[in-house]
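S.K.: Dropping in upload_38.cif, with mmCIF, C-alpha atoms.
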```cif
data_my_file
#
loop_
_atom_site.label_atom_id
_atom_site.label_comp_id
_atom_site.auth_asym_id
_atom_site.auth_seq_id
_atom_site.Cartn_x
_atom_site.Cartn_y
_atom_site.Cartn_z
CA MET A 1 -5.41 25.84 -0.51
CA ASN A 2 -5.71 29.39 0.77
CA ARG A 3 -6.21 32.02 -1.89
CA ILE A 4 -5.61 35.73 -1.72
CA ALA A 5 -8.73 37.68 -2.55
CA ALA A 6 -8.85 40.64 -4.92
CA LEU A 7 -6.80 43.43 -3.42
CA PRO A 8 -8.40 46.60 -2.12
CA GLN A 9 -6.69 49.55 -3.75
CA SER A 10 -5.30 50.68 -0.39
CA LEU A 11 -3.37 47.42 0.10
CA THR A 12 -0.21 46.39 -1.68
CA ARG A 13 0.57 42.80 -2.57
CA ALA A 14 3.09 42.76 0.28
CA ASP A 15 0.39 43.97 2.72
CA GLU A 16 -1.92 41.22 1.58
CA ALA A 17 0.82 38.60 1.84
CA PHE A 18 1.66 39.83 5.34
CA ASP A 19 -1.98 39.68 6.50
CA CYS A 20 -2.41 36.23 4.97
CA LEU A 21 0.69 34.75 6.64
CA GLN A 22 0.13 36.45 9.98
CA THR A 23 -3.40 35.03 10.14
CA ALA A 24 -2.04 31.59 9.24
CA ILE A 25 0.44 31.84 12.13
CA VAL A 26 -2.16 33.05 14.63
CA LYS A 27 -4.64 30.33 13.66
CA GLY A 28 -1.97 27.63 13.70
CA ASP A 29 -2.05 26.82 10.00
CA LEU A 30 1.66 27.62 10.24
CA ALA A 31 2.48 25.96 13.54
CA PRO A 32 4.96 27.16 16.20
CA GLY A 33 8.40 25.84 15.35
CA GLU A 34 7.43 24.94 11.76
CA LYS A 35 10.19 25.46 9.21
CA ILE A 36 8.99 27.38 6.19
CA GLY A 37 10.38 27.89 2.72
CA GLU A 38 9.61 30.45 0.06
CA VAL A 39 8.73 27.96 -2.67
CA GLU A 40 6.27 26.12 -0.43
CA LEU A 41 4.66 29.35 0.81
CA CYS A 42 4.26 30.72 -2.73
CA ALA A 43 2.44 27.56 -3.79
CA ARG A 44 0.40 27.16 -0.62
CA PHE A 45 -0.83 30.74 -0.35
CA ASN A 46 -0.73 31.75 -4.03
CA LEU A 47 2.00 34.35 -3.48
CA THR A 48 4.84 35.72 -5.57
CA ARG A 49 8.42 35.98 -4.38
CA GLY A 50 8.77 39.77 -4.02
CA PRO A 51 5.72 40.41 -1.80
CA LEU A 52 6.43 37.20 0.12
CA ARG A 53 9.97 38.26 1.01
CA GLU A 54 8.79 41.66 2.22
CA ALA A 55 6.05 40.00 4.30
CA LEU A 56 8.56 37.57 5.84
CA GLY A 57 10.78 40.49 6.85
CA ARG A 58 7.87 42.22 8.57
CA LEU A 59 6.86 39.04 10.38
CA GLU A 60 10.44 38.57 11.53
CA SER A 61 10.53 42.14 12.88
CA ARG A 62 7.37 41.36 14.88
CA GLY A 63 9.02 38.36 16.42
CA LEU A 64 6.70 35.84 14.75
CA LEU A 65 9.45 34.33 12.61
CA VAL A 66 13.04 33.55 13.54
CA ARG A 67 15.94 33.12 11.14
CA ARG A 68 18.83 30.88 12.16
CA PRO A 69 22.12 30.40 10.28
CA HIS A 70 22.06 27.14 8.29
CA ALA A 71 18.57 26.40 9.66
CA GLY A 72 16.39 28.71 7.57
CA VAL A 73 13.24 30.44 8.77
CA LYS A 74 10.88 29.03 11.39
CA VAL A 75 7.69 30.17 13.08
CA VAL A 76 8.63 31.30 16.57
CA SER A 77 7.83 28.98 19.44
CA VAL A 78 8.05 29.10 23.21
CA SER A 79 8.19 26.43 25.87
CA ALA A 80 5.24 25.73 28.15
CA GLU A 81 7.13 27.39 31.01
CA GLU A 82 7.82 30.51 28.94
CA LEU A 83 4.17 30.73 27.92
CA MET A 84 3.08 30.53 31.56
CA GLU A 85 5.45 33.39 32.38
CA LEU A 86 4.01 35.45 29.51
CA TYR A 87 0.53 34.97 30.95
CA ARG A 88 1.69 35.98 34.43
CA ILE A 89 3.14 39.17 32.95
CA ARG A 90 -0.11 39.80 31.08
CA GLU A 91 -2.16 39.30 34.23
CA VAL A 92 -0.41 42.16 36.02
CA MET A 93 -0.03 44.53 33.08
CA GLU A 94 -3.49 44.09 31.60
CA GLY A 95 -5.03 44.38 35.03
CA LEU A 96 -3.47 47.82 35.32
CA ALA A 97 -4.60 48.68 31.78
CA ALA A 98 -8.20 47.79 32.69
CA ARG A 99 -8.05 49.94 35.84
CA GLN A 100 -6.79 52.92 33.89
CA ALA A 101 -9.24 52.32 31.03
CA ALA A 102 -12.07 52.62 33.57
CA GLU A 103 -10.70 55.99 34.55
CA ARG A 104 -9.82 57.31 31.09
CA MET A 105 -11.89 55.79 28.26
CA THR A 106 -14.59 58.03 26.85
CA ASP A 107 -18.24 57.01 26.90
CA GLN A 108 -18.14 56.62 23.12
CA GLU A 109 -15.08 54.35 23.29
CA ILE A 110 -16.86 52.17 25.83
CA ALA A 111 -19.95 51.99 23.61
CA ASP A 112 -17.76 51.03 20.66
CA LEU A 113 -16.10 48.33 22.75
CA GLN A 114 -19.50 46.91 23.73
CA ALA A 115 -20.45 46.85 20.04
CA THR A 116 -17.22 45.00 19.28
CA LEU A 117 -18.18 42.34 21.81
CA ASP A 118 -21.57 42.01 20.11
CA ALA A 119 -19.69 41.30 16.86
CA HIS A 120 -17.52 38.77 18.70
CA GLU A 121 -20.64 37.00 19.95
CA THR A 122 -21.90 36.64 16.38
CA MET A 123 -18.55 35.25 15.29
CA ILE A 124 -18.51 32.70 18.14
CA GLU A 125 -22.03 31.56 17.23
CA GLU A 126 -20.97 31.16 13.60
CA ALA A 127 -18.09 28.98 14.84
CA HIS A 128 -20.62 26.93 16.84
CA GLY A 129 -18.98 28.01 20.07
CA GLN A 130 -15.70 26.29 19.22
CA ALA A 131 -13.40 29.27 18.53
CA TYR A 132 -12.89 32.90 19.46
CA TYR A 133 -10.71 34.57 16.84
CA GLN A 134 -10.05 38.29 17.17
CA ALA A 135 -8.32 40.17 14.38
CA GLU A 136 -5.60 42.50 15.59
CA GLY A 137 -6.09 46.18 16.33
CA ASP A 138 -9.46 47.73 17.14
CA TYR A 139 -11.30 44.42 16.68
CA ASP A 140 -9.25 42.89 19.50
CA PHE A 141 -10.70 43.35 22.99
CA HIS A 142 -7.31 43.34 24.71
CA HIS A 143 -5.86 45.81 22.21
CA ARG A 144 -8.74 48.22 22.85
CA ILE A 145 -8.24 48.04 26.62
CA ALA A 146 -4.50 48.69 26.27
CA THR A 147 -5.01 51.76 24.09
CA GLY A 148 -7.95 52.90 26.23
CA SER A 149 -5.68 53.01 29.28
CA ARG A 150 -4.10 56.20 27.85
CA ASN A 151 -0.84 54.94 29.33
CA ALA A 152 1.61 55.15 26.44
CA LYS A 153 4.39 53.17 28.09
CA LEU A 154 2.05 50.42 29.23
CA ALA A 155 0.42 50.19 25.80
CA GLN A 156 3.83 50.06 24.15
CA MET A 157 4.79 47.06 26.28
CA LEU A 158 1.47 45.26 25.84
CA LEU A 159 1.19 45.88 22.10
CA GLY A 160 4.79 45.15 21.14
CA ASP A 161 6.33 41.71 20.73
CA LEU A 162 4.35 40.43 23.74
CA TYR A 163 1.07 41.13 21.93
CA TYR A 164 1.98 39.27 18.74
CA MET A 165 3.49 36.33 20.60
CA VAL A 166 0.43 35.91 22.82
CA ARG A 167 -1.97 36.18 19.85
CA MET A 168 -0.39 33.04 18.42
CA TYR A 169 -1.44 31.05 21.44
CA ARG A 170 -4.69 32.80 22.38
CA TYR A 171 -6.55 31.45 19.36
CA ARG A 172 -4.99 28.00 19.52
CA LEU A 173 -5.92 27.68 23.20
CA SER A 174 -9.42 29.16 22.96
CA THR A 175 -10.82 26.25 20.99
CA SER A 176 -11.77 24.05 23.95
CA SER A 177 -15.48 23.38 24.29
CA GLY A 178 -17.20 26.14 26.23
CA ARG A 179 -14.15 28.38 26.60
CA PRO A 180 -15.11 30.90 23.85
CA HIS A 181 -18.48 31.65 25.49
CA ARG A 182 -16.92 31.87 28.95
CA ALA A 183 -14.21 34.21 27.67
CA LEU A 184 -16.81 36.45 26.03
CA GLY A 185 -18.79 36.58 29.28
CA GLU A 186 -15.64 37.57 31.14
CA HIS A 187 -14.97 40.29 28.57
CA ARG A 188 -18.48 41.66 29.02
CA ARG A 189 -18.13 41.84 32.80
CA ILE A 190 -14.85 43.72 32.45
CA VAL A 191 -16.49 46.25 30.13
CA GLU A 192 -19.41 46.64 32.56
CA ALA A 193 -16.92 47.53 35.30
CA ILE A 194 -15.19 50.00 32.98
CA ALA A 195 -18.56 51.56 32.07
CA GLN A 196 -19.30 51.94 35.81
CA ARG A 197 -15.89 53.66 36.19
CA ASP A 198 -14.94 51.06 38.78
CA GLY A 199 -11.21 50.72 38.18
CA GLU A 200 -10.60 48.39 41.09
CA LEU A 201 -13.25 45.93 39.89
CA ALA A 202 -12.09 46.17 36.25
CA GLU A 203 -8.54 45.33 37.32
CA PHE A 204 -9.70 42.40 39.46
CA LEU A 205 -11.87 40.98 36.67
CA MET A 206 -9.15 41.34 34.03
CA LYS A 207 -6.58 39.60 36.22
CA ARG A 208 -9.05 36.82 36.97
CA HIS A 209 -9.84 36.48 33.25
CA ILE A 210 -6.20 36.04 32.26
CA ASN A 211 -5.58 33.73 35.20
CA ALA A 212 -8.48 31.56 33.99
CA ALA A 213 -6.92 31.45 30.53
CA ARG A 214 -3.58 30.39 32.03
CA GLN A 215 -5.26 27.65 34.06
CA ASN A 216 -6.99 26.45 30.87
CA ILE A 217 -3.58 26.14 29.21
CA GLU A 218 -2.13 24.28 32.17
CA ARG A 219 -5.05 21.84 32.09
CA LYS A 220 -4.59 21.21 28.36
CA ILE A 221 -0.90 20.51 28.90
CA THR A 222 -1.56 18.19 31.84
CA GLU A 223 -4.20 16.25 29.93
CA GLY A 224 -2.01 15.98 26.84
CA GLU A 225 -4.32 18.03 24.60
CA ILE A 226 -1.44 20.26 23.55
CA SER A 227 2.32 19.84 23.49
CA PHE A 228 5.26 22.16 23.06
#
```
Before anything else, please render the file you have as structure tokens.
M.R.:
Amino acid sequence: MNRIAALPQSLTRADEAFDCLQTAIVKGDLAPGEKIGEVELCARFNLTRGPLREALGRLESRGLLVRRPHAGVKVVSVSAEELMELYRIREVMEGLAARQAAERMTDQEIADLQATLDAHETMIEEAHGQAYYQAEGDYDFHHRIATGSRNAKLAQMLLGDLYYMVRMYRYRLSTSSGRPHRALGEHRRIVEAIAQRDGELAEFLMKRHINAARQNIERKITEGEISF
């Protein structure tokens, strides 16, 4: 059973409930398409009704939960075809974000991003190379590239509903043997291109990185490792 830790003073109970449930969705503990009920969630995650209801509303506004008449609340899900289209969209948009990040990120931001990847490497080692989980925001490589592009419209598109939907599947699909280390290596090469201010190379490497992730998904589907 998951338990909520003692709350930092800056977080409300609703904030903590939201973080707890969002992490459960991203990691697949609450699976795509799973129907959820308040009583079950309160017992499973040690929550109370008020904070839970506020958290569910926030998750629904992010597109991670859907509410259907007479069907209750479910974790959002997409078809395999829809997920492939999401990755094709990401490939183009994040490629552009990487190009512009190479042109616009400060030296300090690049150094911070390299330090973030060092932390990711430690996390992957602690998971014995079997998972690559990135918390949202500044700890997320793709989030940092989007904000580092200094392109407000592009960042808005990448970090809106698309971002939260993709996060659900990124973790679930990064758990194949060897993929976390390969993904980290790809991230490092992208940052090297950004540090060299080579926008063309950064764009190429980012597009290739996301294409590799899409091909990994397609292989898992073909081999029956995952289903939708």
S.K.: What residues come out when you apply the PyMOL selection byres ((chain A and resi 126-140) around 10) to this file, written as number ranges by chain?
M.R.: A: 23, 26-27, 112-113, 116-117, 119-125, 141-145, 147, 159, 163-164, 167, 170-184
S.K.: Would you please work out which residue, of A:Gly37, A:Pro69, A:Gly224, A:Gly185, is nearest to Leu56 (chain A) when using only C-alpha atoms?
M.R.: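 Selected residue with least distance to Leu56 (chain A): A:Gly37.
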S.K.: Running the PyMOL selection byres ((chain A and resi 76-82) around 9) on this model by hand, what would come out? Give it as a list in words.
M.R.: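 Output from the PyMOL selection byres ((chain A and resi 76-82) around 9), applied to this file: Ala31, Pro32, Gly33, Glu34, Gly63, Leu64, Leu65, Val66, Lys74, Val75, Leu83, Met84, Glu85, Leu86, Tyr87, Met165, Ile217, Glu218, Ile221, Ser227 and Phe228 of chain A.
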S.K.: Of the candidates A:Thr12, A:Phe18, A:Glu186, A:Leu41, which one gets nearest to Ala213 (chain A) if we count all atoms listed in the file?
M.R.: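 Between A:Thr12, A:Phe18, A:Glu186, A:Leu41, the residue approaching Ala213 (chain A) most closely is A:Glu186.
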S.K.: So what do you get for CA of Ala55 (chain A) versus CA of Arg68 (chain A), distance-wise?
M.R.: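 Separation between CA of Ala55 (chain A) and CA of Arg68 (chain A): 17.6 Å.
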S.K.: Could you tell me how far CA of Leu162 (chain A) sits from CA of His70 (chain A), in Å to one decimal place?
M.R.: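 Straight-line distance from CA of His70 (chain A) to CA of Leu162 (chain A) works out to 27.0 Å.
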S.K.: Apply the PyMOL selection byres ((chain A and resi 94) around 12) to the displayed file and report the matching residues as an MDAnalysis selection string.
M.R.: chainID A and resid 86:93 95:101 141:149 151 154:155 157:159 162:163 190 202:211
S.K.: Go ahead and compute the interatomic distance for CA of Asp198 (chain A) and CA of Ala212 (chain A), in Å to one decimal.
M.R.: 21.1 Å
S.K.: Around region 209-228 of chain A, with edges along x, y and z and 6 Å added on all six sides, what centre and edge lengths do you get, in Å to one decimal, as lines of an AutoDock Vina configuration file?
M.R.:
```
center_x = -2.3
center_y = 26.2
center_z = 29.1
size_x = 27.1
size_y = 32.5
size_z = 24.1
```
S.K.: Would you list the residues near (-17.2, 53.7, 29.7) (no more than 7 Å away, in the coordinates of the file, using all atoms listed in the file) as a list in words?
M.R.: Ala102, Met105, Thr106, Asp107, Glu109, Ile110, Ala111, Ile194, Ala195, Gln196 and Arg197 of chain A
S.K.: Mind completing region 179-190 of chain A with all heavy atoms? Output as a short mmCIF file (atom, residue, chain, number, x, y, z; two decimals), in the coordinates of the input, please?
M.R.:
```cif
data_model
loop_
_atom_site.label_atom_id
_atom_site.label_comp_id
_atom_site.auth_asym_id
_atom_site.auth_seq_id
_atom_site.Cartn_x
_atom_site.Cartn_y
_atom_site.Cartn_z
N ARG A 179 -15.03 27.27 26.24
CA ARG A 179 -14.15 28.38 26.60
C ARG A 179 -14.48 29.67 25.84
O ARG A 179 -14.46 30.75 26.45
CB ARG A 179 -12.68 27.98 26.38
CG ARG A 179 -11.67 29.08 26.74
CD ARG A 179 -11.79 29.51 28.19
NE ARG A 179 -11.10 30.79 28.45
CZ ARG A 179 -11.31 31.54 29.51
NH1 ARG A 179 -12.18 31.17 30.43
NH2 ARG A 179 -10.66 32.68 29.66
N PRO A 180 -14.78 29.65 24.53
CA PRO A 180 -15.11 30.90 23.85
C PRO A 180 -16.26 31.66 24.50
O PRO A 180 -16.18 32.87 24.70
CB PRO A 180 -15.45 30.45 22.42
CG PRO A 180 -14.61 29.23 22.23
CD PRO A 180 -14.66 28.53 23.56
N HIS A 181 -17.35 30.96 24.86
CA HIS A 181 -18.48 31.65 25.49
C HIS A 181 -18.11 32.18 26.87
O HIS A 181 -18.52 33.28 27.26
CB HIS A 181 -19.68 30.70 25.58
CG HIS A 181 -20.44 30.56 24.30
ND1 HIS A 181 -20.49 29.37 23.59
CD2 HIS A 181 -21.15 31.46 23.57
CE1 HIS A 181 -21.23 29.55 22.49
NE2 HIS A 181 -21.63 30.80 22.46
N ARG A 182 -17.33 31.39 27.62
CA ARG A 182 -16.92 31.87 28.95
C ARG A 182 -16.03 33.10 28.82
O ARG A 182 -16.17 34.05 29.59
CB ARG A 182 -16.17 30.75 29.70
CG ARG A 182 -17.07 29.64 30.20
CD ARG A 182 -16.38 28.80 31.26
NE ARG A 182 -15.16 28.17 30.77
CZ ARG A 182 -15.12 27.01 30.11
NH1 ARG A 182 -16.25 26.35 29.85
NH2 ARG A 182 -13.98 26.50 29.71
N ALA A 183 -15.10 33.08 27.86
CA ALA A 183 -14.21 34.21 27.67
C ALA A 183 -15.00 35.47 27.29
O ALA A 183 -14.73 36.56 27.79
CB ALA A 183 -13.17 33.89 26.60
N LEU A 184 -15.99 35.31 26.41
CA LEU A 184 -16.81 36.45 26.03
C LEU A 184 -17.56 37.01 27.24
O LEU A 184 -17.64 38.22 27.42
CB LEU A 184 -17.80 36.06 24.93
CG LEU A 184 -18.74 37.17 24.47
CD1 LEU A 184 -17.97 38.31 23.81
CD2 LEU A 184 -19.79 36.62 23.50
N GLY A 185 -18.11 36.13 28.07
CA GLY A 185 -18.79 36.58 29.28
C GLY A 185 -17.86 37.34 30.20
O GLY A 185 -18.24 38.37 30.80
N GLU A 186 -16.63 36.87 30.33
CA GLU A 186 -15.64 37.57 31.14
C GLU A 186 -15.32 38.94 30.55
O GLU A 186 -15.19 39.93 31.28
CB GLU A 186 -14.39 36.70 31.26
CG GLU A 186 -14.60 35.45 32.10
CD GLU A 186 -13.53 34.39 31.90
OE1 GLU A 186 -12.48 34.69 31.27
OE2 GLU A 186 -13.71 33.24 32.37
N HIS A 187 -15.20 39.00 29.24
CA HIS A 187 -14.97 40.29 28.57
C HIS A 187 -16.12 41.26 28.87
O HIS A 187 -15.88 42.45 29.16
CB HIS A 187 -14.85 40.10 27.06
CG HIS A 187 -13.57 39.45 26.63
ND1 HIS A 187 -13.32 39.06 25.32
CD2 HIS A 187 -12.45 39.12 27.33
CE1 HIS A 187 -12.12 38.53 25.23
NE2 HIS A 187 -11.57 38.55 26.44
N ARG A 188 -17.34 40.78 28.79
CA ARG A 188 -18.48 41.66 29.02
C ARG A 188 -18.50 42.19 30.44
O ARG A 188 -18.82 43.37 30.67
CB ARG A 188 -19.79 40.92 28.71
CG ARG A 188 -20.03 40.67 27.21
CD ARG A 188 -21.48 40.33 26.95
NE ARG A 188 -21.76 40.00 25.57
CZ ARG A 188 -21.93 40.91 24.59
NH1 ARG A 188 -21.82 42.20 24.87
NH2 ARG A 188 -22.22 40.52 23.37
N ARG A 189 -18.14 41.36 31.42
CA ARG A 189 -18.13 41.84 32.80
C ARG A 189 -17.04 42.88 33.03
O ARG A 189 -17.22 43.83 33.79
CB ARG A 189 -17.97 40.64 33.75
CG ARG A 189 -19.26 39.81 33.86
CD ARG A 189 -19.17 38.76 34.94
NE ARG A 189 -18.34 37.64 34.56
CZ ARG A 189 -18.75 36.62 33.82
NH1 ARG A 189 -20.01 36.56 33.38
NH2 ARG A 189 -17.93 35.62 33.53
N ILE A 190 -15.92 42.71 32.35
CA ILE A 190 -14.85 43.72 32.45
C ILE A 190 -15.34 45.06 31.89
O ILE A 190 -15.12 46.11 32.49
CB ILE A 190 -13.59 43.23 31.70
CG1 ILE A 190 -12.97 42.03 32.43
CG2 ILE A 190 -12.56 44.36 31.58
CD1 ILE A 190 -11.95 41.27 31.60
#
```
